[in-house]
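Student: Here you go, this is target-v5.tsv (TSV, C-alpha atoms).
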chain	number	residue	atom	x	y	z
A	124	MET	CA	-9.78	24.55	7.30
A	125	ILE	CA	-11.88	23.10	4.47
A	126	GLN	CA	-12.57	26.59	3.10
A	127	GLN	CA	-8.85	27.38	3.06
A	128	THR	CA	-8.12	24.04	1.38
A	129	LEU	CA	-10.73	24.71	-1.31
A	130	ALA	CA	-9.29	28.18	-1.93
A	131	ASP	CA	-5.77	26.73	-2.29
A	132	GLY	CA	-7.16	24.07	-4.63
A	133	LEU	CA	-8.73	26.69	-6.89
A	134	VAL	CA	-5.43	28.54	-7.15
A	135	LEU	CA	-3.56	25.33	-7.97
A	136	GLY	CA	-6.27	24.35	-10.44
A	137	GLY	CA	-5.88	27.60	-12.35
A	138	ILE	CA	-2.17	26.87	-12.74
A	139	TYR	CA	-2.89	23.31	-13.90
A	140	ALA	CA	-5.37	24.64	-16.45
A	141	LEU	CA	-2.93	27.13	-17.95
A	142	SER	CA	-0.16	24.54	-18.10
A	143	ALA	CA	-2.45	22.09	-19.94
A	144	VAL	CA	-4.25	24.32	-22.44
A	145	GLY	CA	-1.42	24.18	-24.98
A	146	PHE	CA	-1.27	20.40	-24.79
A	147	SER	CA	-5.03	20.29	-25.32
A	148	LEU	CA	-4.82	22.56	-28.36
A	149	ILE	CA	-2.15	20.43	-30.07
A	150	PHE	CA	-3.99	17.22	-29.31
A	151	GLY	CA	-7.25	18.62	-30.67
A	152	VAL	CA	-5.89	20.21	-33.86
A	153	LEU	CA	-2.80	18.25	-34.87
A	154	HIS	CA	-3.87	14.94	-33.27
A	155	VAL	CA	-0.34	14.66	-31.87
A	156	ILE	CA	0.49	13.72	-28.28
A	157	ASN	CA	3.27	16.17	-27.46
A	158	LEU	CA	5.44	14.43	-24.87
A	159	SER	CA	7.78	17.43	-24.85
A	160	HIS	CA	5.06	19.73	-23.50
A	161	GLY	CA	6.51	19.71	-19.99
A	162	ILE	CA	9.93	20.79	-21.22
A	163	LEU	CA	8.35	23.79	-23.01
A	164	VAL	CA	6.75	24.77	-19.70
A	165	LEU	CA	10.12	24.59	-17.96
A	166	ILE	CA	11.83	26.56	-20.73
A	167	GLY	CA	9.34	29.33	-20.02
A	168	ALA	CA	10.17	29.19	-16.31
A	169	TYR	CA	13.93	29.36	-16.90
A	170	LEU	CA	13.57	32.15	-19.46
A	171	ALA	CA	11.47	34.17	-17.01
A	172	LEU	CA	14.07	33.61	-14.29
A	173	THR	CA	16.83	34.80	-16.63
A	174	PHE	CA	14.95	37.80	-18.07
A	175	SER	CA	13.65	39.01	-14.70
A	176	ARG	CA	17.18	39.00	-13.29
A	177	MET	CA	18.73	40.63	-16.36
A	178	LEU	CA	16.09	43.33	-16.74
A	179	GLN	CA	15.34	43.71	-13.01
A	180	ILE	CA	11.58	43.56	-13.55
A	181	ASP	CA	8.66	41.62	-12.11
A	182	PRO	CA	8.55	38.05	-13.50
A	183	LEU	CA	4.97	38.47	-14.76
A	184	LEU	CA	6.13	41.40	-16.91
A	185	THR	CA	8.32	38.99	-18.85
A	186	VAL	CA	5.25	37.10	-20.14
A	187	PRO	CA	5.13	38.84	-23.58
A	188	LEU	CA	8.87	38.35	-24.13
A	189	VAL	CA	8.82	34.69	-23.07
A	190	MET	CA	5.73	33.97	-25.16
A	191	ALA	CA	7.37	35.58	-28.21
A	192	VAL	CA	10.50	33.43	-27.82
A	193	LEU	CA	8.48	30.23	-27.34
A	194	PHE	CA	6.24	31.13	-30.29
A	195	VAL	CA	9.25	31.20	-32.62
A	196	ILE	CA	10.70	28.01	-31.12
A	197	GLY	CA	7.35	26.22	-31.36
A	198	TYR	CA	6.81	27.19	-34.98
A	199	ALA	CA	10.25	25.94	-36.03
A	200	TYR	CA	9.91	22.80	-33.91
A	201	GLN	CA	6.66	21.74	-35.52
A	202	ARG	CA	7.44	22.81	-39.08
A	203	PHE	CA	10.88	21.25	-39.36
A	204	LEU	CA	10.79	18.29	-36.94
A	205	ILE	CA	7.32	17.16	-35.91
A	206	GLN	CA	5.72	17.59	-39.34
A	207	TYR	CA	8.57	15.59	-40.86
A	208	ALA	CA	7.80	12.73	-38.44
A	209	VAL	CA	4.00	13.02	-38.84
A	210	ASP	CA	4.33	12.56	-42.60
A	211	ARG	CA	5.74	9.13	-41.88
A	212	SER	CA	3.91	7.93	-38.79
A	213	ARG	CA	1.84	9.25	-35.88
A	214	LEU	CA	3.74	6.98	-33.52
A	215	GLY	CA	6.98	8.36	-34.88
A	216	SER	CA	5.91	11.91	-34.01
A	217	MET	CA	5.15	10.89	-30.43
A	218	LEU	CA	8.52	9.16	-30.09
A	219	LEU	CA	10.21	12.22	-31.58
A	220	THR	CA	8.69	14.53	-28.96
A	221	PHE	CA	9.74	12.09	-26.23
A	222	GLY	CA	13.31	12.09	-27.54
A	223	VAL	CA	13.37	15.89	-27.79
A	224	ALA	CA	12.14	16.12	-24.19
A	225	LEU	CA	14.96	13.87	-22.96
A	226	MET	CA	17.55	15.78	-24.96
A	227	LEU	CA	16.40	19.21	-23.78
A	228	GLN	CA	16.13	17.99	-20.20
A	229	ASN	CA	19.80	17.02	-20.22
A	230	ILE	CA	20.78	20.31	-21.87
A	231	MET	CA	18.91	22.21	-19.17
A	232	ILE	CA	20.66	20.20	-16.46
A	233	TRP	CA	23.99	21.09	-18.09
A	234	VAL	CA	23.13	24.80	-18.42
A	235	PHE	CA	21.11	25.47	-15.25
A	236	SER	CA	22.20	22.53	-13.02
A	237	PRO	CA	19.79	19.91	-11.63
A	238	ASP	CA	19.14	22.00	-8.51
A	239	MET	CA	15.73	23.41	-7.67
A	240	LYS	CA	15.15	27.02	-8.77
A	241	ASN	CA	12.42	29.48	-7.95
A	242	ILE	CA	11.35	32.89	-9.18
A	243	THR	CA	10.91	35.31	-6.30
A	244	PRO	CA	8.95	38.50	-7.03
A	245	SER	CA	9.11	41.51	-4.71
A	246	TYR	CA	5.74	40.65	-3.16
A	247	ALA	CA	6.65	37.03	-2.44
A	248	PHE	CA	5.98	37.31	1.29
A	249	VAL	CA	2.90	39.54	1.16
A	250	SER	CA	-0.42	38.05	2.22
A	251	PHE	CA	-3.88	39.32	3.05
A	252	HIS	CA	-7.04	38.01	4.70
A	253	ILE	CA	-10.56	37.86	3.29
A	254	ALA	CA	-13.46	36.38	5.27
A	255	GLY	CA	-11.09	34.47	7.53
A	256	LEU	CA	-9.11	33.00	4.62
A	257	THR	CA	-5.43	33.75	3.98
A	258	PHE	CA	-4.27	34.49	0.46
A	259	ASP	CA	-0.70	34.96	-0.70
A	260	ALA	CA	-0.25	37.86	-3.12
A	261	VAL	CA	1.88	35.59	-5.32
A	262	ARG	CA	-0.80	32.92	-5.60
A	263	VAL	CA	-3.56	35.44	-6.28
A	264	SER	CA	-1.49	37.15	-8.98
A	265	ALA	CA	-0.67	33.74	-10.50
A	266	LEU	CA	-4.36	32.77	-10.57
A	267	ALA	CA	-5.31	36.12	-12.09
A	268	ALA	CA	-2.62	35.78	-14.76
A	269	SER	CA	-3.81	32.24	-15.54
A	270	LEU	CA	-7.42	33.31	-15.97
A	271	VAL	CA	-6.48	36.31	-18.12
A	272	LEU	CA	-4.29	34.18	-20.40
A	273	LEU	CA	-6.96	31.48	-20.72
A	274	GLY	CA	-9.50	34.15	-21.61
A	275	CYS	CA	-7.13	35.59	-24.22
A	276	LEU	CA	-6.68	32.17	-25.81
A	277	ALA	CA	-10.43	31.52	-25.84
A	278	ALA	CA	-11.01	34.91	-27.51
A	279	LEU	CA	-8.24	34.21	-30.02
A	280	LEU	CA	-9.76	30.88	-31.04
A	281	LYS	CA	-13.32	32.21	-31.23
A	282	TYR	CA	-13.07	35.69	-32.71
A	283	SER	CA	-9.76	36.13	-34.55
A	284	PRO	CA	-9.14	35.12	-38.19
A	285	LEU	CA	-6.34	32.83	-37.02
A	286	GLY	CA	-8.69	31.14	-34.57
A	287	ARG	CA	-11.31	30.56	-37.24
A	288	VAL	CA	-8.71	29.03	-39.54
A	289	ILE	CA	-7.42	26.80	-36.73
A	290	ARG	CA	-10.93	25.58	-35.91
A	291	ALA	CA	-11.79	25.02	-39.56
A	292	THR	CA	-8.60	23.04	-40.13
A	293	ALA	CA	-9.25	20.91	-37.05
A	294	GLN	CA	-12.85	20.17	-37.99
A	295	GLN	CA	-12.51	19.52	-41.73
A	296	THR	CA	-8.91	19.39	-42.91
A	297	LEU	CA	-9.76	18.45	-46.50
A	298	ALA	CA	-12.36	21.22	-46.79
A	299	ALA	CA	-9.84	23.72	-45.45
A	300	ARG	CA	-7.33	22.62	-48.09
A	301	LEU	CA	-9.97	23.03	-50.81
A	302	CYS	CA	-10.61	26.58	-49.57
A	303	GLY	CA	-6.94	27.44	-50.05
A	304	VAL	CA	-5.77	27.09	-46.45
A	305	ASN	CA	-2.10	26.18	-46.06
A	306	VAL	CA	-2.69	23.39	-43.54
A	307	ARG	CA	1.00	22.85	-42.74
A	308	HIS	CA	1.37	26.54	-41.92
A	309	VAL	CA	-1.74	26.43	-39.72
A	310	TYR	CA	-0.40	23.39	-37.89
A	311	ALA	CA	2.88	25.20	-37.23
A	312	LEU	CA	1.04	28.32	-36.04
A	313	THR	CA	-1.12	26.20	-33.73
A	314	PHE	CA	1.94	24.57	-32.23
A	315	ALA	CA	3.58	27.98	-31.87
A	316	VAL	CA	0.56	29.34	-29.97
A	317	SER	CA	0.58	26.23	-27.78
A	318	ALA	CA	4.30	26.64	-27.02
A	319	ALA	CA	3.79	30.32	-26.19
A	320	PHE	CA	1.08	29.52	-23.64
A	321	ALA	CA	3.20	26.67	-22.24
A	322	GLY	CA	5.97	29.21	-21.67
A	323	ALA	CA	3.54	31.58	-19.95
A	324	ALA	CA	2.44	28.69	-17.73
A	325	GLY	CA	6.08	28.13	-16.81
A	326	ILE	CA	6.31	31.69	-15.51
A	327	VAL	CA	3.20	31.27	-13.35
A	328	ILE	CA	4.46	27.92	-12.05
A	329	GLY	CA	7.90	29.35	-11.32
A	330	ILE	CA	6.62	32.06	-8.98
A	331	ILE	CA	4.50	29.54	-7.06
A	332	LEU	CA	6.54	26.34	-6.96
A	333	PRO	CA	10.22	25.41	-7.12
A	334	PHE	CA	11.20	23.77	-10.40
A	335	SER	CA	14.02	21.77	-11.91
A	336	PRO	CA	14.64	19.97	-15.24
A	337	ALA	CA	13.45	16.72	-13.66
A	338	ASP	CA	9.90	18.13	-13.38
A	339	GLU	CA	9.20	18.02	-17.12
A	340	SER	CA	7.51	14.61	-17.06
A	341	MET	CA	5.27	15.68	-14.17
A	342	TRP	CA	3.89	18.68	-16.09
A	343	THR	CA	3.35	16.61	-19.22
A	344	LEU	CA	1.43	14.02	-17.21
A	345	ASN	CA	-0.63	16.68	-15.43
A	346	ALA	CA	-1.52	18.23	-18.78
A	347	PHE	CA	-2.66	14.86	-20.11
A	348	VAL	CA	-4.89	14.26	-17.07
A	349	VAL	CA	-6.41	17.75	-17.31
A	350	VAL	CA	-7.19	17.23	-21.00
A	351	VAL	CA	-8.88	13.89	-20.29
A	352	LEU	CA	-10.95	15.44	-17.50
A	353	GLY	CA	-11.98	18.64	-19.30
A	354	GLY	CA	-12.10	17.72	-22.98
A	355	ILE	CA	-9.82	18.16	-25.98
A	356	GLY	CA	-9.15	21.52	-27.63
A	357	SER	CA	-11.21	23.68	-25.27
A	358	PRO	CA	-9.77	26.40	-22.98
A	359	ALA	CA	-12.94	26.14	-20.90
A	360	GLY	CA	-12.47	22.38	-20.68
A	361	ALA	CA	-8.85	22.87	-19.60
A	362	LEU	CA	-10.02	25.30	-16.91
A	363	ILE	CA	-12.63	22.90	-15.56
A	364	GLY	CA	-10.25	19.95	-15.71
A	365	GLY	CA	-7.50	21.94	-14.02
A	366	LEU	CA	-9.76	23.18	-11.24
A	367	LEU	CA	-11.05	19.65	-10.65
A	368	LEU	CA	-7.52	18.27	-10.48
A	369	GLY	CA	-6.34	21.09	-8.22
A	370	LEU	CA	-9.21	20.60	-5.78
A	371	ALA	CA	-8.70	16.83	-5.75
A	372	SER	CA	-4.96	17.23	-5.10
A	373	THR	CA	-5.31	19.70	-2.22
A	374	LEU	CA	-8.17	17.84	-0.55
A	375	THR	CA	-6.27	14.55	-0.79
A	376	ALA	CA	-3.07	16.07	0.59
A	377	GLN	CA	-4.94	17.72	3.46
A	378	TYR	CA	-7.27	14.93	4.58
A	379	ILE	CA	-5.59	11.70	3.43
A	380	GLY	CA	-1.89	12.47	3.20
A	381	PRO	CA	0.66	14.41	1.12
A	382	ALA	CA	1.84	11.18	-0.53
A	383	PHE	CA	-1.54	10.36	-2.09
A	384	PRO	CA	-2.50	13.16	-4.57
A	385	ASN	CA	-1.08	11.12	-7.47
A	386	VAL	CA	-3.26	8.19	-6.48
A	387	THR	CA	-6.35	10.40	-6.61
A	388	MET	CA	-5.23	11.87	-9.94
A	389	PHE	CA	-4.94	8.45	-11.58
A	390	MET	CA	-8.23	7.30	-10.07
A	391	LEU	CA	-9.95	10.33	-11.64
A	392	LEU	CA	-8.22	9.59	-14.93
A	393	VAL	CA	-9.38	5.98	-15.02
A	394	LEU	CA	-12.90	6.89	-13.92
A	395	MET	CA	-13.26	9.56	-16.61
A	396	LEU	CA	-11.95	7.24	-19.32
A	397	LEU	CA	-14.53	4.66	-18.32
A	398	VAL	CA	-17.52	6.97	-17.86
A	399	ARG	CA	-16.96	9.87	-20.29
A	400	PRO	CA	-13.90	9.42	-22.55
A	401	ASN	CA	-14.48	12.77	-24.32
A	402	GLY	CA	-14.17	14.72	-21.06
A	403	LEU	CA	-16.65	16.89	-19.21
A	404	LEU	CA	-17.08	19.38	-22.06
A	405	GLY	CA	-16.60	16.84	-24.84
A	406	ASN	CA	-14.29	17.40	-27.81
A	407	ALA	CA	-14.15	20.98	-29.03
A	408	PHE	CA	-13.14	19.70	-32.47
A	409	SER	CA	-15.45	16.71	-32.64
A	410	ALA	CA	-15.94	16.96	-36.40
A	411	SER	CA	-12.32	15.94	-36.91
A	412	ARG	CA	-12.73	12.60	-35.12
Go ahead and express the file in the form of C-alpha cells.
Tutor:
Amino acid sequence: MIQQTLADGLVLGGIYALSAVGFSLIFGVLHVINLSHGILVLIGAYLALTFSRMLQIDPLLTVPLVMAVLFVIGYAYQRFLIQYAVDRSRLGSMLLTFGVALMLQNIMIWVFSPDMKNITPSYAFVSFHIAGLTFDAVRVSALAASLVLLGCLAALLKYSPLGRVIRATAQQTLAARLCGVNVRHVYALTFAVSAAFAGAAGIVIGIILPFSPADESMWTLNAFVVVVLGGIGSPAGALIGGLLLGLASTLTAQYIGPAFPNVTMFMLLVLMLLVRPNGLLGNAFSASR
C-alpha cells in the first residue's frame, strides 16, 4: 500500500511541478506575484478540451497549439496590462492580476458553465502492473509529458539565446539595459513562456482530474507553495517542490484522512518559510535580490 501511495504521489507531484514552473519563472524574473496563474492553467485545460473535440485527436497532441495560443495571450497580457501597472506600483500589479483572474473566472463560467469537466483520452481506462504496483496509462502519460516539458524549459533557459537574455535580465537588469537589451520585451517574452507552460499544465491536469472555473485559486495557491518549497525561477526547484507536495498530499490523504492534505501543505509552507525561505534549491536568480 505504501509503495502504491508513493507512486501516486510522484505522479501528482510531477503535475504540481509543471503547473507551478510558470509561476516560478514570473516571480523570479519579473518579481511579480501573478494571482491569475491558475486561470491561465484552466484556459489551457478548456482549450485542450475544445481542440481535442473539434480535431478528434488525443488531448496531448494539442499541447503545441494550446501553448502557441497562450504564448500570444501572455505576451499581450504582460505588455499592455501588467507592465502598465508595474510602472506605477508592484502592489498594483498584484491587484491587477487578482482582478483579471476574477473577471476571467466569471467569463469561463458564462461560456463553459460552472460544472465539472474532464478530458477523456482513448486510453483513459487502460492500466498495467509493474512489480505489484498498478499504473494508469493516463497518469503515466501525464507524468511523462510533465517531465518532458520541464526538461524543455530547463534547456530553453540554459542553452538558448532567449534563455540567456532572460537570465541576464533577471540577474542584472541595469547591466542588461546597458548592453542594449529591450527589458520590457524580455519581460513580455518571459510572461508569454510562463503562460504557455501554464496552458500545457492545464492539459495534463485535465486528463487526470476534473476541473471547473472555481479551481483557479487552488492552482494558484499550489503553485505558490511549490515555489516556496523548491526555490524561485528554477525548473529543477519546481520539480522538487512539486514532488514533495505531491508525496505529502497522497500520504496525508491515505494515512490521516482525505480532508487533511491542505493542512499538511500549509504546515510545509510555514516550516520552509521559517527554516529556508529561499527554498530547497535557493533562488535561481539570486543576483537580482
Student: Could you give me, as a PyMOL selection string, the residues within 12 Å of Ile230 of chain A, counting only C-alpha atoms and dropping anything in the same chain fewer than 5 positions from it?
Tutor: chain A and resi 162+166+223-225+235-237+336-337
Student: Rounded to one decimal in Å, what is the spacing between atom CA of Leu301 of chain A and atom CA of Leu404 of chain A?
Tutor: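 Separation between atom CA of Leu301 of chain A and atom CA of Leu404 of chain A: 29.8 Å.
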Student: Determine, counting all atoms listed in the file, which protein, DNA and RNA residues have an atom within 6 Å of an atom of segment 350-354 of chain A; residues of the same chain fewer than 3 positions away are not included. Present the result as a list of chain:residue names.
Tutor: A:Ser147, A:Phe347, A:Gly360, A:Ala361, A:Ile363, A:Gly364, A:Asn401, A:Gly402, A:Leu403, A:Leu404, A:Gly405, A:Asn406
Student: I'd like the interatomic distance between atom CA of Val348 of chain A and atom CA of Ala143 of chain A, to a tenth of an Å.
Tutor: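 Computing the Euclidean distance for atom CA of Val348 of chain A and atom CA of Ala143 of chain A yields 8.7 Å.
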Student: Of the residues A:Ala359, A:Ala319, A:Met390, A:Met239, which is the one nearest to Leu163 of chain A, using all atoms listed in the file?
Tutor: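 Looking at the shortest contact to Leu163 of chain A, the residue is A:Ala319.
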Student: Nearest to Ile149 of chain A: which of A:Leu370, A:Cys302, A:Val316, A:Leu272 is it, counting only C-alpha atoms?
Tutor: A:Val316
Student: I need the residue nearest Gly197 of chain A from this list: A:Val271, A:Val164, A:Ile242, A:Leu394. Use all atoms listed in the file for the distance.
Tutor: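 Closest residue, counting all atoms listed in the file: A:Val164.
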Student: Just write segment 330-341 of chain A with all heavy atoms, as a PDB file, in the first residue's frame, taken from the block above.
Tutor:
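After the write, out.pdb holds the following:
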ATOM      1  N   ILE A 330      -6.560  15.815 -18.105  1.00  0.00           N
ATOM      2  CA  ILE A 330      -6.723  14.386 -18.390  1.00  0.00           C
ATOM      3  C   ILE A 330      -6.619  13.531 -17.126  1.00  0.00           C
ATOM      4  O   ILE A 330      -6.924  12.337 -17.162  1.00  0.00           O
ATOM      5  CB  ILE A 330      -5.700  13.903 -19.438  1.00  0.00           C
ATOM      6  CG1 ILE A 330      -4.278  13.970 -18.904  1.00  0.00           C
ATOM      7  CG2 ILE A 330      -5.843  14.687 -20.727  1.00  0.00           C
ATOM      8  CD1 ILE A 330      -3.244  13.397 -19.860  1.00  0.00           C
ATOM      9  N   ILE A 331      -6.193  14.155 -16.019  1.00  0.00           N
ATOM     10  CA  ILE A 331      -6.068  13.426 -14.755  1.00  0.00           C
ATOM     11  C   ILE A 331      -7.227  13.738 -13.813  1.00  0.00           C
ATOM     12  O   ILE A 331      -7.816  12.836 -13.196  1.00  0.00           O
ATOM     13  CB  ILE A 331      -4.742  13.782 -14.050  1.00  0.00           C
ATOM     14  CG1 ILE A 331      -3.553  13.330 -14.880  1.00  0.00           C
ATOM     15  CG2 ILE A 331      -4.680  13.158 -12.664  1.00  0.00           C
ATOM     16  CD1 ILE A 331      -3.396  11.844 -14.977  1.00  0.00           C
ATOM     17  N   LEU A 332      -7.568  14.996 -13.690  1.00  0.00           N
ATOM     18  CA  LEU A 332      -8.531  15.451 -12.686  1.00  0.00           C
ATOM     19  C   LEU A 332      -9.668  16.223 -13.341  1.00  0.00           C
ATOM     20  O   LEU A 332      -9.466  16.881 -14.367  1.00  0.00           O
ATOM     21  CB  LEU A 332      -7.831  16.370 -11.666  1.00  0.00           C
ATOM     22  CG  LEU A 332      -6.637  15.795 -10.909  1.00  0.00           C
ATOM     23  CD1 LEU A 332      -5.927  16.916 -10.153  1.00  0.00           C
ATOM     24  CD2 LEU A 332      -7.072  14.696  -9.960  1.00  0.00           C
ATOM     25  N   PRO A 333     -10.864  16.158 -12.773  1.00  0.00           N
ATOM     26  CA  PRO A 333     -11.939  17.048 -13.243  1.00  0.00           C
ATOM     27  C   PRO A 333     -11.611  18.492 -12.886  1.00  0.00           C
ATOM     28  O   PRO A 333     -10.910  18.760 -11.913  1.00  0.00           O
ATOM     29  CB  PRO A 333     -13.180  16.533 -12.495  1.00  0.00           C
ATOM     30  CG  PRO A 333     -12.634  15.843 -11.289  1.00  0.00           C
ATOM     31  CD  PRO A 333     -11.308  15.263 -11.683  1.00  0.00           C
ATOM     32  N   PHE A 334     -12.103  19.429 -13.671  1.00  0.00           N
ATOM     33  CA  PHE A 334     -11.789  20.836 -13.434  1.00  0.00           C
ATOM     34  C   PHE A 334     -13.006  21.697 -13.717  1.00  0.00           C
ATOM     35  O   PHE A 334     -13.912  21.314 -14.454  1.00  0.00           O
ATOM     36  CB  PHE A 334     -10.611  21.279 -14.311  1.00  0.00           C
ATOM     37  CG  PHE A 334     -10.834  21.061 -15.791  1.00  0.00           C
ATOM     38  CD1 PHE A 334     -11.404  22.049 -16.590  1.00  0.00           C
ATOM     39  CD2 PHE A 334     -10.471  19.861 -16.394  1.00  0.00           C
ATOM     40  CE1 PHE A 334     -11.611  21.857 -17.945  1.00  0.00           C
ATOM     41  CE2 PHE A 334     -10.676  19.649 -17.751  1.00  0.00           C
ATOM     42  CZ  PHE A 334     -11.246  20.645 -18.524  1.00  0.00           C
ATOM     43  N   SER A 335     -13.016  22.853 -13.094  1.00  0.00           N
ATOM     44  CA  SER A 335     -14.079  23.838 -13.291  1.00  0.00           C
ATOM     45  C   SER A 335     -13.480  25.219 -13.063  1.00  0.00           C
ATOM     46  O   SER A 335     -12.380  25.337 -12.504  1.00  0.00           O
ATOM     47  CB  SER A 335     -15.236  23.589 -12.319  1.00  0.00           C
ATOM     48  OG  SER A 335     -14.873  23.965 -11.004  1.00  0.00           O
ATOM     49  N   PRO A 336     -14.165  26.295 -13.461  1.00  0.00           N
ATOM     50  CA  PRO A 336     -13.620  27.641 -13.243  1.00  0.00           C
ATOM     51  C   PRO A 336     -13.322  27.957 -11.781  1.00  0.00           C
ATOM     52  O   PRO A 336     -12.445  28.775 -11.496  1.00  0.00           O
ATOM     53  CB  PRO A 336     -14.724  28.547 -13.787  1.00  0.00           C
ATOM     54  CG  PRO A 336     -15.404  27.727 -14.828  1.00  0.00           C
ATOM     55  CD  PRO A 336     -15.384  26.329 -14.295  1.00  0.00           C
ATOM     56  N   ALA A 337     -14.015  27.304 -10.860  1.00  0.00           N
ATOM     57  CA  ALA A 337     -13.799  27.575  -9.444  1.00  0.00           C
ATOM     58  C   ALA A 337     -12.447  27.078  -8.944  1.00  0.00           C
ATOM     59  O   ALA A 337     -12.017  27.438  -7.842  1.00  0.00           O
ATOM     60  CB  ALA A 337     -14.909  26.939  -8.610  1.00  0.00           C
ATOM     61  N   ASP A 338     -11.742  26.268  -9.743  1.00  0.00           N
ATOM     62  CA  ASP A 338     -10.465  25.688  -9.308  1.00  0.00           C
ATOM     63  C   ASP A 338      -9.278  26.631  -9.483  1.00  0.00           C
ATOM     64  O   ASP A 338      -8.159  26.272  -9.104  1.00  0.00           O
ATOM     65  CB  ASP A 338     -10.173  24.401 -10.093  1.00  0.00           C
ATOM     66  CG  ASP A 338     -11.161  23.297  -9.775  1.00  0.00           C
ATOM     67  OD1 ASP A 338     -11.721  23.321  -8.667  1.00  0.00           O
ATOM     68  OD2 ASP A 338     -11.374  22.431 -10.642  1.00  0.00           O
ATOM     69  N   GLU A 339      -9.496  27.804 -10.068  1.00  0.00           N
ATOM     70  CA  GLU A 339      -8.346  28.656 -10.400  1.00  0.00           C
ATOM     71  C   GLU A 339      -7.541  29.072  -9.174  1.00  0.00           C
ATOM     72  O   GLU A 339      -6.315  29.092  -9.200  1.00  0.00           O
ATOM     73  CB  GLU A 339      -8.803  29.891 -11.196  1.00  0.00           C
ATOM     74  CG  GLU A 339      -9.727  30.841 -10.485  1.00  0.00           C
ATOM     75  CD  GLU A 339      -8.972  31.926  -9.751  1.00  0.00           C
ATOM     76  OE1 GLU A 339      -7.765  32.067  -9.968  1.00  0.00           O
ATOM     77  OE2 GLU A 339      -9.592  32.612  -8.934  1.00  0.00           O
ATOM     78  N   SER A 340      -8.219  29.375  -8.071  1.00  0.00           N
ATOM     79  CA  SER A 340      -7.490  29.787  -6.870  1.00  0.00           C
ATOM     80  C   SER A 340      -6.674  28.640  -6.287  1.00  0.00           C
ATOM     81  O   SER A 340      -5.584  28.854  -5.748  1.00  0.00           O
ATOM     82  CB  SER A 340      -8.462  30.337  -5.818  1.00  0.00           C
ATOM     83  OG  SER A 340      -9.428  29.356  -5.475  1.00  0.00           O
ATOM     84  N   MET A 341      -7.179  27.417  -6.416  1.00  0.00           N
ATOM     85  CA  MET A 341      -6.446  26.258  -5.897  1.00  0.00           C
ATOM     86  C   MET A 341      -5.119  26.077  -6.623  1.00  0.00           C
ATOM     87  O   MET A 341      -4.073  25.840  -5.996  1.00  0.00           O
ATOM     88  CB  MET A 341      -7.294  24.995  -6.038  1.00  0.00           C
ATOM     89  CG  MET A 341      -6.596  23.727  -5.576  1.00  0.00           C
ATOM     90  SD  MET A 341      -7.527  22.226  -5.945  1.00  0.00           S
ATOM     91  CE  MET A 341      -7.297  22.110  -7.716  1.00  0.00           C
TER      92      MET A 341
END
